[in-house]
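Colleague: What follows is coords_24.pdb, made up of PDB, C-alpha atoms, pLDDT in the B column:
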```
ATOM      1  CA  MET A   5       4.029  29.877   8.132  1.00 45.00           C
ATOM      2  CA  LEU A   6       1.035  32.074   7.350  1.00 47.00           C
ATOM      3  CA  VAL A   7      -2.422  30.570   7.423  1.00 49.00           C
ATOM      4  CA  GLY A   8      -3.520  29.802   3.898  1.00 49.00           C
ATOM      5  CA  ALA A   9      -0.001  30.161   2.527  1.00 46.00           C
ATOM      6  CA  PRO A  10       1.060  27.301   0.276  1.00 49.00           C
ATOM      7  CA  ARG A  11       3.520  24.827   1.750  1.00 52.00           C
ATOM      8  CA  ARG A  12       6.988  24.948   0.303  1.00 50.00           C
ATOM      9  CA  TRP A  13       8.387  21.445   0.193  1.00 50.00           C
ATOM     10  CA  TYR A  14      11.479  22.543  -1.619  1.00 47.00           C
ATOM     11  CA  ASP A  15      13.742  24.296   0.831  1.00 47.00           C
ATOM     12  CA  TRP A  16      15.800  26.676  -1.321  1.00 44.00           C
ATOM     13  CA  SER A  17      17.949  27.604   1.660  1.00 46.00           C
ATOM     14  CA  MET A  18      19.419  24.105   1.536  1.00 50.00           C
ATOM     15  CA  ALA A  19      20.442  24.398  -2.117  1.00 50.00           C
ATOM     16  CA  ASP A  20      24.091  25.380  -2.302  1.00 52.00           C
ATOM     17  CA  PRO A  21      25.421  26.027  -5.818  1.00 49.00           C
ATOM     18  CA  THR A  22      28.975  25.186  -4.694  1.00 52.00           C
ATOM     19  CA  ASP A  23      27.869  21.798  -3.312  1.00 51.00           C
ATOM     20  CA  LEU A  24      29.736  19.021  -5.088  1.00 48.00           C
ATOM     21  CA  SER A  25      27.747  16.146  -3.535  1.00 69.00           C
ATOM     22  CA  SER A  26      25.864  13.718  -5.721  1.00 77.00           C
ATOM     23  CA  PRO A  27      22.547  14.670  -7.335  1.00 78.00           C
ATOM     24  CA  LEU A  28      20.875  11.986  -5.213  1.00 78.00           C
ATOM     25  CA  ASP A  29      22.159  13.545  -1.978  1.00 81.00           C
ATOM     26  CA  ARG A  30      21.015  16.981  -3.095  1.00 80.00           C
ATOM     27  CA  LEU A  31      17.565  15.641  -4.023  1.00 78.00           C
ATOM     28  CA  VAL A  32      17.107  13.852  -0.700  1.00 81.00           C
ATOM     29  CA  THR A  33      18.300  16.904   1.240  1.00 84.00           C
ATOM     30  CA  ARG A  34      16.003  19.138  -0.775  1.00 84.00           C
ATOM     31  CA  PHE A  35      12.875  17.073  -0.084  1.00 86.00           C
ATOM     32  CA  ALA A  36      13.705  15.654   3.363  1.00 89.00           C
ATOM     33  CA  ARG A  37      11.159  17.920   5.036  1.00 91.00           C
ATOM     34  CA  MET A  38       8.383  16.696   2.752  1.00 91.00           C
ATOM     35  CA  VAL A  39       9.369  13.032   3.215  1.00 90.00           C
ATOM     36  CA  ARG A  40       9.348  13.447   7.006  1.00 91.00           C
ATOM     37  CA  HIS A  41       5.921  15.121   6.799  1.00 92.00           C
ATOM     38  CA  VAL A  42       4.573  12.176   4.793  1.00 90.00           C
ATOM     39  CA  GLY A  43       5.890   9.798   7.445  1.00 90.00           C
ATOM     40  CA  ARG A  44       4.519  11.804  10.340  1.00 91.00           C
ATOM     41  CA  THR A  45       1.040  11.998   8.805  1.00 89.00           C
ATOM     42  CA  ARG A  46       1.079   8.197   8.612  1.00 88.00           C
ATOM     43  CA  GLY A  47       2.100   7.823  12.247  1.00 87.00           C
ATOM     44  CA  LEU A  48       5.740   6.821  11.829  1.00 86.00           C
ATOM     45  CA  SER A  49       8.129   7.335  14.755  1.00 85.00           C
ATOM     46  CA  ASP A  50      11.419   9.249  14.502  1.00 84.00           C
ATOM     47  CA  PRO A  51      13.528   6.119  13.799  1.00 84.00           C
ATOM     48  CA  ASP A  52      10.970   5.119  11.184  1.00 87.00           C
ATOM     49  CA  LEU A  53      11.276   8.573   9.590  1.00 89.00           C
ATOM     50  CA  ASP A  54      15.009   8.004   9.159  1.00 88.00           C
ATOM     51  CA  GLU A  55      14.259   4.627   7.602  1.00 90.00           C
ATOM     52  CA  LEU A  56      11.698   6.308   5.333  1.00 90.00           C
ATOM     53  CA  ILE A  57      14.280   8.790   4.047  1.00 89.00           C
ATOM     54  CA  GLN A  58      16.651   5.912   3.276  1.00 90.00           C
ATOM     55  CA  GLU A  59      13.853   3.990   1.523  1.00 90.00           C
ATOM     56  CA  VAL A  60      13.054   7.022  -0.644  1.00 87.00           C
ATOM     57  CA  ARG A  61      16.755   7.416  -1.447  1.00 86.00           C
ATOM     58  CA  ILE A  62      16.960   3.779  -2.574  1.00 85.00           C
ATOM     59  CA  ARG A  63      13.733   3.927  -4.584  1.00 83.00           C
ATOM     60  CA  VAL A  64      14.748   7.080  -6.434  1.00 81.00           C
ATOM     61  CA  TRP A  65      18.217   5.691  -7.103  1.00 79.00           C
ATOM     62  CA  ARG A  66      16.811   2.407  -8.463  1.00 80.00           C
ATOM     63  CA  ALA A  67      13.985   3.881 -10.510  1.00 73.00           C
ATOM     64  CA  ARG A  68      15.651   6.913 -12.099  1.00 64.00           C
ATOM     65  CA  PRO A  69      19.441   6.585 -11.901  1.00 65.00           C
ATOM     66  CA  GLY A  70      20.175   8.899 -14.835  1.00 68.00           C
ATOM     67  CA  MET A  71      17.443  11.472 -14.209  1.00 71.00           C
ATOM     68  CA  ILE A  72      17.778  12.168 -10.485  1.00 69.00           C
ATOM     69  CA  GLY A  73      18.533  15.868 -10.884  1.00 67.00           C
ATOM     70  CA  GLY A  74      15.336  16.462 -12.861  1.00 69.00           C
ATOM     71  CA  LEU A  75      12.845  14.780 -10.543  1.00 73.00           C
ATOM     72  CA  ASN A  76      10.070  16.925  -9.143  1.00 76.00           C
ATOM     73  CA  ALA A  77       8.296  17.057  -5.799  1.00 80.00           C
ATOM     74  CA  ALA A  78       5.341  15.001  -7.028  1.00 85.00           C
ATOM     75  CA  TYR A  79       7.569  12.050  -7.922  1.00 83.00           C
ATOM     76  CA  VAL A  80       9.402  12.179  -4.580  1.00 84.00           C
ATOM     77  CA  HIS A  81       6.080  12.534  -2.715  1.00 88.00           C
ATOM     78  CA  ARG A  82       4.665   9.449  -4.426  1.00 88.00           C
ATOM     79  CA  ALA A  83       7.854   7.497  -3.599  1.00 88.00           C
ATOM     80  CA  ALA A  84       7.604   8.659   0.032  1.00 90.00           C
ATOM     81  CA  VAL A  85       3.957   7.606   0.374  1.00 91.00           C
ATOM     82  CA  SER A  86       4.690   4.207  -1.147  1.00 91.00           C
ATOM     83  CA  ALA A  87       7.738   3.686   1.078  1.00 91.00           C
ATOM     84  CA  ALA A  88       5.814   4.756   4.207  1.00 91.00           C
ATOM     85  CA  LEU A  89       3.050   2.264   3.459  1.00 91.00           C
ATOM     86  CA  ASP A  90       5.628  -0.483   2.948  1.00 89.00           C
ATOM     87  CA  ILE A  91       7.241   0.323   6.305  1.00 89.00           C
ATOM     88  CA  ILE A  92       3.836   0.182   8.013  1.00 88.00           C
ATOM     89  CA  ARG A  93       3.082  -3.179   6.378  1.00 87.00           C
ATOM     90  CA  ARG A  94       6.465  -4.575   7.487  1.00 85.00           C
ATOM     91  CA  ARG A  95       5.751  -3.484  11.059  1.00 82.00           C
ATOM     92  CA  ARG A  96       2.353  -5.179  10.986  1.00 82.00           C
ATOM     93  CA  ARG A  97       3.806  -8.420   9.602  1.00 79.00           C
ATOM     94  CA  ALA A  98       6.521  -8.408  12.261  1.00 75.00           C
ATOM     95  CA  ARG A  99       3.860  -8.158  14.998  1.00 72.00           C
ATOM     96  CA  GLU A 100       1.827 -11.044  13.628  1.00 66.00           C
ATOM     97  CA  GLU A 101       2.554 -14.426  15.089  1.00 55.00           C
ATOM     98  CA  PRO A 102       3.370 -17.214  12.625  1.00 55.00           C
ATOM     99  CA  LEU A 103       0.602 -19.802  12.203  1.00 49.00           C
ATOM    100  CA  GLU A 104       2.841 -22.736  13.273  1.00 51.00           C
ATOM    101  CA  SER A 105       3.302 -21.284  16.761  1.00 47.00           C
ATOM    102  CA  ALA A 106      -0.271 -20.112  17.230  1.00 46.00           C
ATOM    103  CA  GLY A 107      -1.036 -22.872  19.737  1.00 46.00           C
ATOM    104  CA  PRO A 108      -3.620 -25.631  19.871  1.00 47.00           C
ATOM    105  CA  LEU A 109      -5.958 -24.105  17.268  1.00 46.00           C
ATOM    106  CA  ALA A 110      -3.261 -24.152  14.583  1.00 47.00           C
ATOM    107  CA  GLY A 111      -3.464 -27.916  14.130  1.00 49.00           C
ATOM    108  CA  SER A 112      -7.221 -28.268  14.630  1.00 54.00           C
ATOM    109  CA  VAL A 113      -8.051 -28.171  10.901  1.00 55.00           C
ATOM    110  CA  GLY A 114      -8.365 -31.706   9.617  1.00 62.00           C
ATOM    111  CA  PRO A 115      -7.468 -32.895   6.114  1.00 63.00           C
ATOM    112  CA  ALA A 116     -11.097 -32.847   4.952  1.00 62.00           C
ATOM    113  CA  ASP A 117     -11.596 -29.306   6.235  1.00 61.00           C
ATOM    114  CA  ALA A 118      -8.359 -28.158   4.603  1.00 61.00           C
ATOM    115  CA  THR A 119      -9.393 -29.668   1.264  1.00 65.00           C
ATOM    116  CA  GLU A 120     -12.823 -28.049   1.476  1.00 64.00           C
ATOM    117  CA  LEU A 121     -11.266 -24.700   2.407  1.00 63.00           C
ATOM    118  CA  GLY A 122      -8.811 -24.962  -0.512  1.00 68.00           C
ATOM    119  CA  ASP A 123     -11.662 -25.760  -2.891  1.00 76.00           C
ATOM    120  CA  LEU A 124     -13.675 -22.803  -1.597  1.00 77.00           C
ATOM    121  CA  THR A 125     -10.654 -20.506  -1.964  1.00 79.00           C
ATOM    122  CA  GLU A 126     -10.195 -21.655  -5.550  1.00 84.00           C
ATOM    123  CA  ARG A 127     -13.865 -21.074  -6.371  1.00 84.00           C
ATOM    124  CA  VAL A 128     -13.775 -17.567  -4.881  1.00 85.00           C
ATOM    125  CA  ALA A 129     -10.597 -16.800  -6.876  1.00 85.00           C
ATOM    126  CA  ARG A 130     -12.316 -17.936 -10.096  1.00 87.00           C
ATOM    127  CA  ALA A 131     -15.352 -15.810  -9.218  1.00 88.00           C
ATOM    128  CA  VAL A 132     -13.099 -12.754  -8.715  1.00 89.00           C
ATOM    129  CA  ASP A 133     -11.506 -13.467 -12.118  1.00 89.00           C
ATOM    130  CA  SER A 134     -14.979 -13.279 -13.682  1.00 91.00           C
ATOM    131  CA  LEU A 135     -15.536  -9.705 -12.431  1.00 91.00           C
ATOM    132  CA  PRO A 136     -15.197  -6.745 -14.821  1.00 92.00           C
ATOM    133  CA  PRO A 137     -11.501  -5.766 -15.206  1.00 90.00           C
ATOM    134  CA  SER A 138     -11.998  -2.379 -13.540  1.00 90.00           C
ATOM    135  CA  ARG A 139     -13.299  -4.002 -10.343  1.00 91.00           C
ATOM    136  CA  ARG A 140     -10.913  -6.968 -10.037  1.00 91.00           C
ATOM    137  CA  PRO A 141      -7.886  -5.259  -8.452  1.00 90.00           C
ATOM    138  CA  VAL A 142      -9.864  -3.375  -5.808  1.00 91.00           C
ATOM    139  CA  VAL A 143     -11.799  -6.516  -4.799  1.00 90.00           C
ATOM    140  CA  ARG A 144      -8.609  -8.616  -4.649  1.00 89.00           C
ATOM    141  CA  MET A 145      -6.901  -6.024  -2.461  1.00 87.00           C
ATOM    142  CA  HIS A 146      -9.968  -5.791  -0.203  1.00 88.00           C
ATOM    143  CA  LEU A 147     -10.063  -9.570   0.199  1.00 85.00           C
ATOM    144  CA  ALA A 148      -6.327  -9.508   0.986  1.00 84.00           C
ATOM    145  CA  GLY A 149      -7.075  -7.176   3.912  1.00 85.00           C
ATOM    146  CA  TYR A 150      -6.084  -3.747   2.607  1.00 85.00           C
ATOM    147  CA  PRO A 151      -8.157  -0.854   3.980  1.00 88.00           C
ATOM    148  CA  ARG A 152     -10.069   1.174   1.417  1.00 88.00           C
ATOM    149  CA  GLU A 153      -7.962   4.321   1.925  1.00 88.00           C
ATOM    150  CA  GLU A 154      -4.764   2.383   1.302  1.00 87.00           C
ATOM    151  CA  ILE A 155      -6.220   0.766  -1.825  1.00 88.00           C
ATOM    152  CA  ALA A 156      -7.067   4.225  -3.170  1.00 89.00           C
ATOM    153  CA  GLY A 157      -3.531   5.433  -2.526  1.00 87.00           C
ATOM    154  CA  LEU A 158      -1.856   2.409  -4.058  1.00 86.00           C
ATOM    155  CA  LEU A 159      -4.026   2.429  -7.177  1.00 87.00           C
ATOM    156  CA  GLY A 160      -3.876   6.217  -7.516  1.00 89.00           C
ATOM    157  CA  TRP A 161      -7.656   6.508  -7.415  1.00 90.00           C
ATOM    158  CA  SER A 162      -9.877   8.920  -5.542  1.00 92.00           C
ATOM    159  CA  GLU A 163     -11.608   7.630  -2.420  1.00 90.00           C
ATOM    160  CA  ALA A 164     -14.985   7.915  -4.163  1.00 92.00           C
ATOM    161  CA  LYS A 165     -13.883   5.875  -7.202  1.00 93.00           C
ATOM    162  CA  THR A 166     -12.332   3.221  -4.966  1.00 92.00           C
ATOM    163  CA  ARG A 167     -15.449   2.977  -2.794  1.00 92.00           C
ATOM    164  CA  ASN A 168     -17.728   2.809  -5.839  1.00 93.00           C
ATOM    165  CA  LEU A 169     -15.740   0.107  -7.639  1.00 93.00           C
ATOM    166  CA  LEU A 170     -15.260  -1.879  -4.426  1.00 92.00           C
ATOM    167  CA  TYR A 171     -18.947  -1.951  -3.520  1.00 92.00           C
ATOM    168  CA  ARG A 172     -20.014  -2.787  -7.062  1.00 93.00           C
ATOM    169  CA  GLY A 173     -17.313  -5.454  -7.300  1.00 92.00           C
ATOM    170  CA  LEU A 174     -18.342  -7.026  -3.988  1.00 91.00           C
ATOM    171  CA  ALA A 175     -21.993  -7.027  -5.082  1.00 92.00           C
ATOM    172  CA  ASP A 176     -20.995  -8.738  -8.347  1.00 92.00           C
ATOM    173  CA  LEU A 177     -18.854 -11.257  -6.435  1.00 90.00           C
ATOM    174  CA  ARG A 178     -21.718 -12.001  -4.032  1.00 90.00           C
ATOM    175  CA  ALA A 179     -24.070 -12.606  -6.970  1.00 90.00           C
ATOM    176  CA  VAL A 180     -21.602 -14.944  -8.703  1.00 89.00           C
ATOM    177  CA  LEU A 181     -20.987 -16.924  -5.514  1.00 88.00           C
ATOM    178  CA  LEU A 182     -24.693 -17.184  -4.713  1.00 89.00           C
ATOM    179  CA  GLY A 183     -25.250 -18.416  -8.264  1.00 88.00           C
ATOM    180  CA  GLN A 184     -22.744 -21.200  -7.517  1.00 85.00           C
ATOM    181  CA  GLY A 185     -24.527 -22.058  -4.258  1.00 84.00           C
ATOM    182  CA  ILE A 186     -21.869 -20.442  -2.064  1.00 81.00           C
ATOM    183  CA  GLY A 187     -23.197 -18.080   0.565  1.00 76.00           C
ATOM    184  CA  PRO A 188     -25.056 -17.761   3.840  1.00 73.00           C
ATOM    185  CA  GLY A 189     -26.962 -20.943   4.695  1.00 62.00           C
ATOM    186  CA  SER A 190     -25.255 -23.036   2.016  1.00 61.00           C
ATOM    187  CA  ALA A 191     -23.319 -26.238   2.732  1.00 55.00           C
ATOM    188  CA  MET A 192     -19.995 -24.601   1.777  1.00 50.00           C
TER
END
```
Any chance you could give the structure as structure tokens?

Modeller:
Amino acid sequence: MLVGAPRRWYDWSMADPTDLSSPLDRLVTRFARMVRHVGRTRGLSDPDLDELIQEVRIRVWRARPGMIGGLNAAYVHRAAVSAALDIIRRRRRAREEPLESAGPLAGSVGPADATELGDLTERVARAVDSLPPSRRPVVRMHLAGYPREEIAGLLGWSEAKTRNLLYRGLADLRAVLLGQGIGPGSAM
């Protein structure tokens, strides 16, 4: 490929006009190179790339069963990114140890501590609900542990918009919680 030349995700050499396979098979074959590239840029291994192609096949089939032949590269790319992120999340969850088998610290929270923690969680959730609607989803996702880049991708926002709304939302949340007496140095 020439430097500066645009990438061609659609491989015309793979399009055979005499091919009688299903439109879904033709679509997946046509964009397999792009889907694999999406997976590789997100650090997926070769077996994971095969799983990614199958995930994209399933997502396209479920979402657009009657319009498969007319889907464009942008739609398939978005499905591939979403599927790759889901595969990464599944791998992370599989590596995490369940709380019940975490050892002696798992049972060290007493009933009073658990009640206080539940009350605090509820108050934080109510404080997040009081944020402006544009900032709520990004703050919720941040508190759930999503990295900022992933939040931007999932919400379809630019990195700058995500960063801006996240920092403003966290500042608003901090102010609300401090107004309720929740924060550094408080009893809760």

Colleague: How many Å separate CA of Met145 (chain A) from CA of Leu170 (chain A)?

Modeller: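 So the two atoms, CA of Met145 (chain A) and CA of Leu170 (chain A), lie 9.5 Å apart.
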
Colleague: Excluding same-chain residues fewer than 4 positions from Ala84 (chain A), what lies within 12 Å of it counting all atoms listed in the file, as JSON, numbers by chain?

Modeller: {"A": [32, 35, 36, 37, 38, 39, 40, 41, 42, 43, 44, 45, 46, 53, 54, 55, 56, 57, 58, 59, 60, 61, 62, 63, 64, 77, 78, 79, 80, 88, 89, 90, 91, 157]}

Colleague: Step by step: start from the point (-12.7, -11.5, -7.7) in the file's coordinates, keep every protein, DNA or RNA residue that has an atom no farther than 9 Å from it, count all atoms listed in the file, and write the set as a PyMOL selection string.

Modeller: chain A and resi 128-136+139-144+147+173-174+176-177

Colleague: Figure out the distance between CA of Pro151 (chain A) and CA of Gly183 (chain A), please, to one decimal in Å.

Modeller: 27.4 Å

Colleague: I'd like the interatomic distance between CA of Ser86 (chain A) and CA of Leu158 (chain A), to a tenth of an Å.

Modeller: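 Computed distance, CA of Ser86 (chain A) to CA of Leu158 (chain A), equals 7.4 Å.
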
Colleague: Could you tell me which of A:Leu28, A:Leu169, A:Leu124, A:Ala67 comes closest to Ile155 (chain A) if we count all atoms listed in the file?

Modeller: A:Leu169

Colleague: First collect every listed atom of region 25-32 of chain A; then fit an axis-aligned box around them, widen it by 3 Å on each side, and give centre and edge lengths in Å to one decimal, as lines of an AutoDock Vina configuration file.

Modeller:
```
center_x = 22.4
center_y = 14.5
center_z = -4.0
size_x = 16.6
size_y = 11.0
size_z = 12.6
```
